[in-house]
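Enquirer: Dropping in model24.txt, which is compact mmCIF, C-alpha atoms:
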# COMPACT_ATOMS: atom_id res chain seq x y z
CA MET A 1 -44.03 -153.06 4.37
CA LEU A 2 -44.67 -150.10 6.58
CA SER A 3 -43.16 -146.85 7.80
CA ILE A 4 -42.07 -146.97 11.42
CA ALA A 5 -41.52 -143.24 11.80
CA ALA A 6 -45.00 -142.95 13.32
CA ILE A 7 -47.51 -145.67 14.09
CA ALA A 8 -50.38 -143.40 13.13
CA ALA A 9 -48.82 -142.93 9.74
CA VAL A 10 -48.42 -146.68 9.39
CA ALA A 11 -52.12 -147.26 9.76
CA ALA A 12 -52.80 -144.93 6.86
CA GLY A 13 -49.85 -146.14 4.79
CA ILE A 14 -48.27 -142.69 4.79
CA TYR A 15 -44.65 -141.76 4.17
CA LEU A 16 -43.02 -139.10 6.32
CA PHE A 17 -40.94 -136.95 4.03
CA GLY A 18 -37.55 -135.41 4.55
CA SER A 19 -38.43 -132.72 2.01
CA SER A 20 -41.48 -131.53 0.15
CA PRO A 21 -41.96 -132.77 -3.42
CA THR A 22 -40.15 -130.63 -5.94
CA HIS A 23 -39.11 -130.92 -9.56
CA PRO A 24 -35.49 -129.82 -9.69
CA THR A 25 -33.79 -129.05 -12.96
CA PRO A 26 -31.76 -132.11 -14.01
CA VAL A 27 -28.06 -131.68 -13.37
CA GLN A 28 -25.69 -133.53 -15.67
CA ASP A 29 -22.32 -134.61 -14.37
CA ASP A 30 -19.64 -136.58 -16.17
CA GLU A 31 -20.84 -139.90 -14.75
CA ASP A 32 -24.38 -139.20 -15.98
CA LYS A 33 -22.98 -139.11 -19.51
CA VAL A 34 -21.79 -142.73 -19.46
CA GLU A 35 -23.33 -144.65 -22.36
CA PRO A 36 -25.87 -147.39 -21.64
CA VAL A 37 -24.30 -150.83 -21.55
CA GLY A 38 -25.50 -154.41 -21.45
CA PRO A 39 -28.51 -156.06 -23.10
CA GLN A 40 -32.00 -154.67 -23.53
CA PHE A 41 -34.27 -155.48 -20.59
CA LEU A 42 -37.51 -156.92 -21.97
CA ALA A 43 -40.48 -155.53 -20.11
CA ASP A 44 -42.83 -157.93 -21.89
CA SER A 45 -40.85 -160.83 -20.48
CA ALA A 46 -40.96 -159.43 -16.94
CA TYR A 47 -44.68 -158.76 -17.35
CA ALA A 48 -45.23 -162.41 -18.33
CA TYR A 49 -43.30 -163.62 -15.25
CA CYS A 50 -45.46 -161.38 -13.09
CA GLU A 51 -48.61 -162.72 -14.73
CA ALA A 52 -47.45 -166.33 -14.29
CA GLN A 53 -47.08 -165.84 -10.53
CA CYS A 54 -50.55 -164.34 -10.27
CA ALA A 55 -51.98 -167.30 -12.19
CA PHE A 56 -51.40 -169.39 -9.06
CA GLY A 57 -53.68 -167.03 -7.13
CA PRO A 58 -52.63 -165.14 -3.97
CA ARG A 59 -49.39 -166.71 -2.70
CA VAL A 60 -50.44 -166.57 0.94
CA MET A 61 -48.35 -168.40 3.51
CA ASN A 62 -49.26 -172.07 4.09
CA SER A 63 -51.45 -172.24 0.96
CA GLU A 64 -51.25 -174.57 -2.03
CA ALA A 65 -50.76 -171.59 -4.35
CA HIS A 66 -47.78 -170.52 -2.22
CA GLU A 67 -46.12 -173.94 -2.50
CA LYS A 68 -46.73 -174.31 -6.23
CA CYS A 69 -45.44 -170.84 -6.99
CA ALA A 70 -42.26 -171.50 -5.01
CA GLU A 71 -41.61 -174.54 -7.20
CA TRP A 72 -42.22 -172.49 -10.34
CA ILE A 73 -39.88 -169.66 -9.29
CA ALA A 74 -37.12 -172.11 -8.38
CA ALA A 75 -37.53 -173.93 -11.70
CA LYS A 76 -37.24 -170.68 -13.67
CA PHE A 77 -34.01 -169.72 -11.93
CA ARG A 78 -32.63 -173.21 -12.62
CA GLN A 79 -33.66 -172.83 -16.26
CA PHE A 80 -31.52 -169.69 -16.38
CA GLY A 81 -28.46 -171.52 -15.08
CA CYS A 82 -28.57 -170.58 -11.40
CA ASP A 83 -27.76 -172.88 -8.53
CA VAL A 84 -30.90 -172.84 -6.38
CA GLU A 85 -31.20 -173.37 -2.64
CA LEU A 86 -34.56 -173.55 -0.90
CA GLN A 87 -34.03 -172.23 2.62
CA LYS A 88 -36.97 -173.58 4.60
CA ALA A 89 -37.95 -172.49 8.08
CA ASP A 90 -40.95 -172.52 10.40
CA LEU A 91 -41.47 -168.91 11.44
CA LYS A 92 -43.94 -167.40 13.89
CA GLY A 93 -46.46 -164.87 12.65
CA TYR A 94 -47.67 -161.91 14.70
CA ASP A 95 -50.57 -164.04 15.97
CA GLY A 96 -48.53 -167.14 16.74
CA THR A 97 -49.36 -168.89 13.48
CA THR A 98 -46.58 -171.22 12.29
CA LEU A 99 -45.59 -170.06 8.81
CA ARG A 100 -43.96 -172.65 6.55
CA ALA A 101 -41.54 -170.28 4.86
CA THR A 102 -39.23 -170.80 1.90
CA ASN A 103 -36.55 -168.30 0.97
CA ILE A 104 -35.51 -169.01 -2.63
CA ILE A 105 -31.78 -168.37 -3.14
CA ALA A 106 -30.56 -168.50 -6.74
CA ARG A 107 -26.83 -168.04 -7.36
CA HIS A 108 -25.43 -166.98 -10.71
CA ASN A 109 -21.77 -167.94 -11.07
CA PRO A 110 -21.70 -169.53 -7.60
CA LYS A 111 -17.92 -169.96 -7.47
CA ALA A 112 -17.26 -166.23 -7.85
CA THR A 113 -16.11 -164.51 -4.67
CA ARG A 114 -17.04 -161.03 -5.90
CA ARG A 115 -20.82 -161.07 -5.36
CA ILE A 116 -23.80 -158.74 -5.21
CA LEU A 117 -27.31 -159.29 -3.86
CA ILE A 118 -30.56 -158.56 -5.69
CA CYS A 119 -33.67 -159.42 -3.71
CA ALA A 120 -37.44 -159.09 -3.39
CA HIS A 121 -40.22 -160.73 -1.42
CA TRP A 122 -42.50 -163.20 -3.18
CA ASP A 123 -45.35 -163.90 -0.74
CA SER A 124 -48.77 -162.24 -0.83
CA ARG A 125 -50.43 -160.18 1.87
CA PRO A 126 -53.17 -162.34 3.47
CA TRP A 127 -55.40 -159.36 4.21
CA ALA A 128 -56.36 -156.37 2.08
CA ASP A 129 -56.38 -154.24 5.21
CA ASN A 130 -55.84 -150.94 3.42
CA ASP A 131 -58.72 -151.43 1.00
CA PRO A 132 -61.23 -148.54 0.93
CA ASP A 133 -64.02 -151.11 1.36
CA THR A 134 -63.89 -152.57 4.87
CA LEU A 135 -65.66 -155.69 3.58
CA ASN A 136 -62.41 -156.55 1.79
CA TRP A 137 -60.12 -156.20 4.79
CA ARG A 138 -59.86 -159.94 5.42
CA LYS A 139 -59.55 -160.95 1.77
CA PRO A 140 -56.13 -161.93 0.38
CA VAL A 141 -54.17 -159.62 -1.94
CA MET A 142 -53.25 -160.87 -5.40
CA ALA A 143 -49.94 -159.01 -5.01
CA ALA A 144 -49.17 -158.44 -8.67
CA ASN A 145 -47.11 -155.40 -7.69
CA ASP A 146 -46.43 -155.96 -3.98
CA GLY A 147 -44.59 -159.24 -4.46
CA ALA A 148 -44.70 -160.56 -8.02
CA SER A 149 -43.19 -157.52 -9.79
CA GLY A 150 -39.87 -157.66 -7.93
CA VAL A 151 -39.47 -161.38 -8.58
CA ALA A 152 -40.40 -160.82 -12.24
CA VAL A 153 -37.64 -158.25 -12.68
CA MET A 154 -35.14 -160.59 -11.03
CA LEU A 155 -36.13 -163.47 -13.30
CA GLU A 156 -35.65 -161.36 -16.41
CA LEU A 157 -32.27 -160.21 -15.10
CA ALA A 158 -31.30 -163.83 -14.46
CA ARG A 159 -32.30 -164.70 -18.03
CA LEU A 160 -30.22 -161.85 -19.44
CA VAL A 161 -27.21 -162.68 -17.27
CA SER A 162 -27.39 -166.29 -18.45
CA ALA A 163 -27.98 -165.50 -22.13
CA GLN A 164 -25.63 -162.54 -22.65
CA GLN A 165 -22.21 -162.59 -21.09
CA GLY A 166 -20.71 -159.91 -23.32
CA GLY A 167 -19.31 -157.14 -21.18
CA LEU A 168 -20.30 -158.80 -17.91
CA LYS A 169 -17.39 -159.40 -15.59
CA ALA A 170 -16.58 -163.12 -15.56
CA GLU A 171 -15.59 -162.94 -11.91
CA LEU A 172 -18.91 -161.40 -10.83
CA GLY A 173 -21.48 -163.50 -8.99
CA ILE A 174 -25.05 -162.55 -8.22
CA ASP A 175 -27.28 -163.88 -5.46
CA PHE A 176 -30.95 -163.50 -6.40
CA VAL A 177 -32.90 -163.97 -3.17
CA CYS A 178 -36.69 -164.21 -2.97
CA PHE A 179 -37.70 -163.56 0.64
CA ASP A 180 -40.77 -165.24 2.06
CA ALA A 181 -43.08 -164.17 4.90
CA GLU A 182 -42.52 -160.46 4.33
CA ASP A 183 -46.17 -159.51 4.28
CA TRP A 184 -47.58 -161.33 7.33
CA GLY A 185 -47.15 -158.16 9.37
CA THR A 186 -49.77 -157.19 11.93
CA PRO A 187 -52.96 -156.12 10.12
CA GLN A 188 -54.40 -152.70 10.76
CA TRP A 189 -57.58 -154.23 12.15
CA ALA A 190 -55.74 -156.24 14.85
CA ASP A 191 -56.47 -155.11 18.39
CA ASP A 192 -52.90 -155.66 19.59
CA GLN A 193 -50.30 -153.63 17.68
CA THR A 194 -47.49 -154.47 20.14
CA ASN A 195 -44.21 -155.19 18.35
CA SER A 196 -45.92 -154.57 15.02
CA ALA A 197 -42.69 -153.51 13.30
CA GLU A 198 -40.99 -156.81 14.14
CA SER A 199 -43.84 -158.82 12.59
CA TRP A 200 -42.79 -157.89 9.04
CA ALA A 201 -39.93 -159.23 6.88
CA LEU A 202 -39.74 -162.53 8.75
CA GLY A 203 -38.08 -164.40 5.89
CA ALA A 204 -35.46 -161.70 5.47
CA GLN A 205 -34.77 -161.74 9.20
CA HIS A 206 -34.17 -165.50 9.04
CA TRP A 207 -31.97 -165.24 5.93
CA ALA A 208 -29.92 -162.39 7.40
CA GLN A 209 -29.31 -164.26 10.64
CA SER A 210 -28.31 -167.40 8.76
CA TYR A 211 -25.94 -165.38 6.60
CA ALA A 212 -24.39 -163.69 9.62
CA ASN A 213 -23.94 -167.03 11.42
CA ALA A 214 -22.44 -168.86 8.44
CA ASN A 215 -20.36 -166.17 6.79
CA THR A 216 -16.88 -166.47 8.25
CA ASN A 217 -14.94 -166.18 4.98
CA ASP A 218 -14.32 -162.50 4.24
CA THR A 219 -13.55 -163.20 0.57
CA SER A 220 -17.09 -164.48 -0.10
CA HIS A 221 -19.09 -161.62 1.40
CA LEU A 222 -21.84 -160.01 -0.61
CA SER A 223 -20.54 -156.52 -1.45
CA TYR A 224 -23.91 -154.77 -1.47
CA GLY A 225 -27.58 -155.39 -2.07
CA ILE A 226 -30.56 -153.95 -3.95
CA LEU A 227 -34.10 -154.71 -2.78
CA LEU A 228 -36.94 -154.45 -5.29
CA ASP A 229 -40.38 -153.82 -3.80
CA MET A 230 -43.44 -152.85 -5.83
CA VAL A 231 -41.48 -152.06 -8.99
CA GLY A 232 -44.28 -152.44 -11.54
CA GLY A 233 -46.99 -150.02 -10.51
CA GLU A 234 -48.65 -147.43 -12.71
CA GLY A 235 -47.23 -143.95 -12.24
CA ALA A 236 -44.49 -145.12 -9.87
CA GLN A 237 -41.55 -142.97 -8.86
CA PHE A 238 -38.79 -144.12 -6.58
CA TYR A 239 -37.57 -141.67 -3.95
CA HIS A 240 -34.50 -141.99 -1.73
CA GLU A 241 -35.56 -144.21 1.17
CA SER A 242 -34.02 -143.16 4.50
CA TYR A 243 -32.58 -146.48 5.71
CA SER A 244 -30.96 -146.80 2.28
CA LYS A 245 -29.35 -143.39 2.69
CA GLN A 246 -28.18 -144.31 6.18
CA TYR A 247 -26.67 -147.72 5.47
CA ALA A 248 -25.80 -147.66 1.77
CA PRO A 249 -25.53 -144.08 0.46
CA ASP A 250 -22.96 -144.99 -2.21
CA VAL A 251 -25.15 -147.78 -3.55
CA LEU A 252 -28.15 -145.46 -3.66
CA LYS A 253 -26.20 -142.82 -5.58
CA ARG A 254 -24.92 -145.40 -8.02
CA VAL A 255 -28.35 -146.83 -8.79
CA TRP A 256 -30.00 -143.43 -9.23
CA ARG A 257 -27.10 -142.37 -11.45
CA ALA A 258 -27.52 -145.53 -13.54
CA ALA A 259 -31.18 -144.64 -14.05
CA ARG A 260 -30.17 -141.26 -15.45
CA GLN A 261 -27.54 -142.87 -17.67
CA VAL A 262 -30.14 -145.08 -19.36
CA GLY A 263 -32.75 -142.34 -19.68
CA TYR A 264 -35.04 -143.23 -16.78
CA GLY A 265 -34.13 -140.47 -14.38
CA SER A 266 -37.76 -139.32 -14.25
CA PHE A 267 -38.64 -142.58 -12.50
CA PHE A 268 -35.81 -142.07 -9.99
CA PRO A 269 -35.99 -138.41 -8.91
CA ARG A 270 -33.40 -137.14 -6.46
CA LYS A 271 -35.96 -136.59 -3.69
CA ASP A 272 -36.13 -137.85 -0.13
CA GLY A 273 -38.86 -140.23 0.91
CA GLY A 274 -39.62 -141.95 4.20
CA MET A 275 -37.95 -144.47 6.50
CA ILE A 276 -39.51 -147.82 5.61
CA THR A 277 -39.48 -151.12 7.44
CA ASP A 278 -38.80 -153.60 4.66
CA ASP A 279 -36.60 -156.60 3.90
CA HIS A 280 -33.50 -154.44 3.53
CA VAL A 281 -33.55 -153.51 7.23
CA PRO A 282 -32.45 -156.93 8.57
CA VAL A 283 -30.11 -157.33 5.60
CA ASN A 284 -28.37 -154.14 6.72
CA GLN A 285 -28.64 -154.51 10.48
CA ILE A 286 -28.15 -158.26 10.92
CA ALA A 287 -26.24 -159.44 7.84
CA GLY A 288 -24.20 -156.23 7.59
CA ILE A 289 -24.66 -155.94 3.81
CA PRO A 290 -25.15 -152.32 2.66
CA THR A 291 -28.50 -152.60 0.90
CA ILE A 292 -30.93 -150.11 -0.61
CA ASP A 293 -34.67 -150.33 -1.17
CA ILE A 294 -36.15 -149.40 -4.54
CA VAL A 295 -39.70 -148.72 -3.37
CA PRO A 296 -42.26 -146.31 -4.86
CA CYS A 297 -43.56 -143.11 -3.34
CA TYR A 298 -46.90 -141.52 -4.24
CA PRO A 299 -46.92 -138.31 -2.18
CA ASP A 300 -50.30 -137.17 -3.49
CA CYS A 301 -52.15 -140.47 -3.17
CA PRO A 302 -54.93 -140.08 -0.56
CA THR A 303 -55.07 -143.77 0.45
CA SER A 304 -51.38 -144.62 0.77
CA SER A 305 -47.99 -143.22 -0.11
CA PHE A 306 -47.19 -146.68 -1.44
CA GLY A 307 -49.81 -146.17 -4.14
CA PRO A 308 -53.54 -146.70 -4.62
CA THR A 309 -53.39 -150.51 -4.87
CA TRP A 310 -51.19 -151.13 -1.80
CA HIS A 311 -52.72 -153.82 0.41
CA THR A 312 -56.00 -153.71 -1.50
CA VAL A 313 -57.86 -156.20 -3.68
CA ASP A 314 -56.91 -154.00 -6.66
CA ASP A 315 -53.25 -155.07 -6.60
CA THR A 316 -53.78 -157.04 -9.79
CA MET A 317 -52.24 -157.30 -13.26
CA ASP A 318 -54.65 -154.57 -14.42
CA HIS A 319 -52.38 -152.06 -12.68
CA ILE A 320 -48.96 -153.39 -13.73
CA ASP A 321 -47.17 -151.02 -16.10
CA ARG A 322 -44.53 -152.31 -18.50
CA ALA A 323 -42.93 -148.85 -18.54
CA THR A 324 -42.19 -149.07 -14.82
CA LEU A 325 -40.82 -152.60 -15.15
CA GLN A 326 -38.64 -151.38 -18.03
CA ALA A 327 -37.28 -148.41 -16.09
CA VAL A 328 -36.30 -150.50 -13.08
CA GLY A 329 -35.00 -153.42 -15.09
CA GLN A 330 -32.86 -151.36 -17.47
CA THR A 331 -31.44 -149.44 -14.52
CA LEU A 332 -30.40 -152.73 -12.90
CA VAL A 333 -28.82 -153.89 -16.17
CA GLN A 334 -26.73 -150.71 -16.16
CA VAL A 335 -25.64 -151.34 -12.57
CA ILE A 336 -24.74 -154.98 -13.18
CA TRP A 337 -22.93 -154.48 -16.49
CA THR A 338 -20.88 -151.57 -15.11
CA GLU A 339 -19.88 -153.51 -12.01
CA LYS A 340 -16.11 -153.17 -11.61
Represent the supplied structure as C-alpha cells.

Expert:
Amino acid sequence: MLSIAAIAAVAAGIYLFGSSPTHPTPVQDDEDKVEPVGPQFLADSAYAYCEAQCAFGPRVMNSEAHEKCAEWIAAKFRQFGCDVELQKADLKGYDGTTLRATNIIARHNPKATRRILICAHWDSRPWADNDPDTLNWRKPVMAANDGASGVAVMLELARLVSAQQGGLKAELGIDFVCFDAEDWGTPQWADDQTNSAESWALGAQHWAQSYANANTNDTSHLSYGILLDMVGGEGAQFYHESYSKQYAPDVLKRVWRAARQVGYGSFFPRKDGGMITDDHVPVNQIAGIPTIDIVPCYPDCPTSSFGPTWHTVDDTMDHIDRATLQAVGQTLVQVIWTEK
C-alpha cells in the first residue's frame, strides 16, 4: 500500500498526519462500558495460520508458492464451513506483466441477506524496495505481516464463527474476502512512476467492479466492510485512516469503540493518520460499500510510517506479535457478536 497525499512521501513510506501524535486522557462513555461478548480470540491459532502461509515462501504472483497457498487458504475456509469461490482473473501489472490472480471469497451463512465484509490481501510484495540495503531491493518479501497476518485473523474468526454460534445473530452472513495482486504496485526503483497509484490493489479493483456489475438485488448488499492490513506487527497502533473517515465514519467509530470495550483501546488510539491507497479504496469507490482500513501507523519510525519491516526482507515471523493479533482479533469478535 502507499499514501497518495504526496508522491515524495510515498517513496519514503511516510504518512501525512492530520494531527500531531498525542496521548489524550481516555474518555469513557456509556457505549464504552458495554461488556465484552463472544468467544475468546486465540492469538496462538492466528499466529499458526500466519506461520503456515509463510511456510510456502513468498506468495508472489505467478509463483508455485502463490498457487499452493491459495489452495491452502481456500481449504481452511471450507474446513470452517464457508462456501468458497475462487474468483480468477488475468490482471495487468504496472509493467504489463500478466498476473494470474485469485480472489478467495469465503461466505459464512451464504443464504443470509444481512451481510458484512471482512477482507485482507494475501499476496506478497515481489520486491523489498523499502529495505535499507539496496542489494535487497529486488528480493521478494516474505510478507508475514503485510499479507499473511490479515488472512490469519480472518481464518481464526471464521473458525470461531463456525464453532461458536452462541450470541451470534442467526441471520448474519459474513463474506471473508482475500484480495490478490494488492502488492504489485510500481516499485520505488522503477524509472516510470506514471499512474503509480492505480497499480496497487488490482485484485480489489477487479472484485469491486464485479460486485458492482452483479449486485442488482438491494436485499443482498454488503452493509459495510473492514479491511485488515498488517495487523500483526510488533508495537503496532492503528490510527484513523482518512479514506475510512471519509467513506465510513460510523464503521470506524464502532470498531474503535469495540476495541475500548474489550480492553484494547491502547492499540486503537483516537488519532488521525494518513490517507492510504489500499484495498478499501475501490471497495468504497467502485462497489459502494462503506469500508474502513485497520492499518498501523508508526509516526516515529525513520524508515516508514508503516513500520520498520514494511517492504523489507525483515517482514518475517520473527516480527509477528501475538499481542497485536489478539487486540485486532478480539476487537473484531466484539464487532461481529454485537452486530444488530

Enquirer: Do you have the CA of Gln330 (chain A)-CA of Tyr239 (chain A) distance handy?

Expert: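 So the two atoms, CA of Gln330 (chain A) and CA of Tyr239 (chain A), lie 17.3 Å apart.
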
Enquirer: What are the nearest atom pairs, with distances in Å to one decimal, for all residues of region 163-190 of chain A that come at most 9 Å from region 145-156 of chain A, using only C-alpha atoms, set out by chain and rising residue number as a tab-separated table?

Expert:
residue	atom	partner	partner_atom	distance
A:Phe176	CA	A:Met154	CA	6.9
A:Val177	CA	A:Met154	CA	8.8
A:Cys178	CA	A:Val151	CA	6.9
A:Asp183	CA	A:Gly147	CA	8.9

Enquirer: Just checking: using only C-alpha atoms, which residue out of A:Leu160, A:Ala181, A:Val60, A:Val313 ends up closest to Lys88 (chain A)?

Expert: A:Ala181

Enquirer: Compute the distance from (-30.5, -144.9, -15.9) to each atom, counting all atoms listed in the file, keep the residues with any atom at most 10 Å away, and return them as a ChimeraX atom specification; use the coordinates of the file.

Expert: /A:32,34-36,254-268,327-335

Enquirer: Would you list the contacts of Lys68 (chain A) as number ranges by chain, taking every protein, DNA or RNA residue within 12 Å and counting only C-alpha atoms, but skipping same-chain residues closer than 5 positions in sequence?

Expert: A: 52-63, 73-75, 102, 123

Enquirer: Kindly provide the residues of region 121-156 of chain A that approach region 186-191 of chain A to within 8 Å, each paired with its closest atom pair and their distance in Å to one decimal, based on only C-alpha atoms, listed by chain and increasing number, as a tab-separated table.

Expert:
residue	atom	partner	partner_atom	distance
A:Trp127	CA	A:Pro187	CA	7.2
A:Asp129	CA	A:Gln188	CA	6.1
A:Asn130	CA	A:Gln188	CA	7.7

Enquirer: Could you dump the residues just selected with C-alpha atoms as a CSV table (one decimal), keeping the file's coordinate frame?

Expert:
chain,number,residue,atom,x,y,z
A,127,TRP,CA,-55.4,-159.4,4.2
A,129,ASP,CA,-56.4,-154.2,5.2
A,130,ASN,CA,-55.8,-150.9,3.4

Enquirer: Excluding same-chain residues fewer than 6 positions from Asn284 (chain A), what lies within 9 Å of it counting all atoms listed in the file, as a ChimeraX atom specification?

Expert: /A:208,225,243-244,247-248,290-292

Enquirer: Please produce an output containing C-alpha atoms for each residue in the selection, written as a PDB file, in the coordinates of the input.

Expert:
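As a result, out-v5.pdb now contains:
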ATOM      1  CA  ALA A 208     -29.920-162.390   7.400  1.00  0.00           C
ATOM      2  CA  GLY A 225     -27.580-155.390  -2.070  1.00  0.00           C
ATOM      3  CA  TYR A 243     -32.580-146.480   5.710  1.00  0.00           C
ATOM      4  CA  SER A 244     -30.960-146.800   2.280  1.00  0.00           C
ATOM      5  CA  TYR A 247     -26.670-147.720   5.470  1.00  0.00           C
ATOM      6  CA  ALA A 248     -25.800-147.660   1.770  1.00  0.00           C
ATOM      7  CA  PRO A 290     -25.150-152.320   2.660  1.00  0.00           C
ATOM      8  CA  THR A 291     -28.500-152.600   0.900  1.00  0.00           C
ATOM      9  CA  ILE A 292     -30.930-150.110  -0.610  1.00  0.00           C
TER      10      ILE A 292
END

Enquirer: So the first atom is CA of Ser305 (chain A) and the second is CA of Asn195 (chain A); what is the distance between them in Å, to one decimal place?

Expert: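 Distance reported for this atom pair: 22.3 Å.
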
Enquirer: Report as a list in words all protein, DNA and RNA residues lying within 9 Å of Gly167 (chain A), evaluated on all atoms listed in the file, omitting residues in the same chain fewer than 6 positions from it.

Expert: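 Counting all atoms listed in the file, the residues come to Val37, Gly38, Trp337 and Thr338 of chain A.
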
Enquirer: Return the single residue from A:Ile118, A:Ala101, A:Ile276, A:Leu222 that is closest to Gln205 (chain A), with distances computed using all atoms listed in the file.

Expert: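 Closest to Gln205 (chain A), using all atoms listed in the file: A:Ala101.
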
Enquirer: Go ahead and compute the interatomic distance for CA of Cys82 (chain A) and CA of His108 (chain A), in Å to one decimal.

Expert: 4.8 Å

Enquirer: Could you check which of A:Cys301, A:Asp279, A:Ala158, A:Thr194 is closest to Phe41 (chain A), using all atoms listed in the file?

Expert: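 Closest to Phe41 (chain A) of all the choices is A:Ala158.
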
Enquirer: Taking only C-alpha atoms into account, name the residue in A:Val251, A:Leu117, A:Ala214, A:Val141 that is nearest to Thr316 (chain A).

Expert: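 Of A:Val251, A:Leu117, A:Ala214, A:Val141, the one nearest Thr316 (chain A), counting only C-alpha atoms, is A:Val141.
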
Enquirer: So, counting only C-alpha atoms, which residue among A:Pro132, A:Gly81, A:Gly274, A:Gly235 is closest to Pro302 (chain A)?

Expert: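 Selected residue with least distance to Pro302 (chain A): A:Pro132.
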
Enquirer: Determine the nearest neighbour of Trp137 (chain A) from the options A:Val84, A:His311, A:Leu252, A:Gln326, counting only C-alpha atoms.

Expert: A:His311

Enquirer: Name the residues in contact with Ser199 (chain A) at a cut-off of 7 Å, using all atoms listed in the file, excluding same-chain residues fewer than 6 positions from it; report them as a list of chain:residue names.

Expert: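 The residues that qualify are A:Gly93, A:Tyr94, A:Trp184, A:Gly185, A:Thr186.
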
Enquirer: Mind listing whatever residues come within 10 Å of the point (-29.7, -174.9, -21.8)? Use all atoms listed in the file, file coordinates, and give them as a PDB file with C-alpha atoms, in the frame of the given file.

Expert:
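Writing the result to point-v3.pdb gives the following:
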ATOM      1  CA  ARG A  78     -32.630-173.210 -12.620  1.00  0.00           C
ATOM      2  CA  GLN A  79     -33.660-172.830 -16.260  1.00  0.00           C
ATOM      3  CA  PHE A  80     -31.520-169.690 -16.380  1.00  0.00           C
ATOM      4  CA  GLY A  81     -28.460-171.520 -15.080  1.00  0.00           C
ATOM      5  CA  SER A 162     -27.390-166.290 -18.450  1.00  0.00           C
ATOM      6  CA  ALA A 163     -27.980-165.500 -22.130  1.00  0.00           C
TER       7      ALA A 163
END
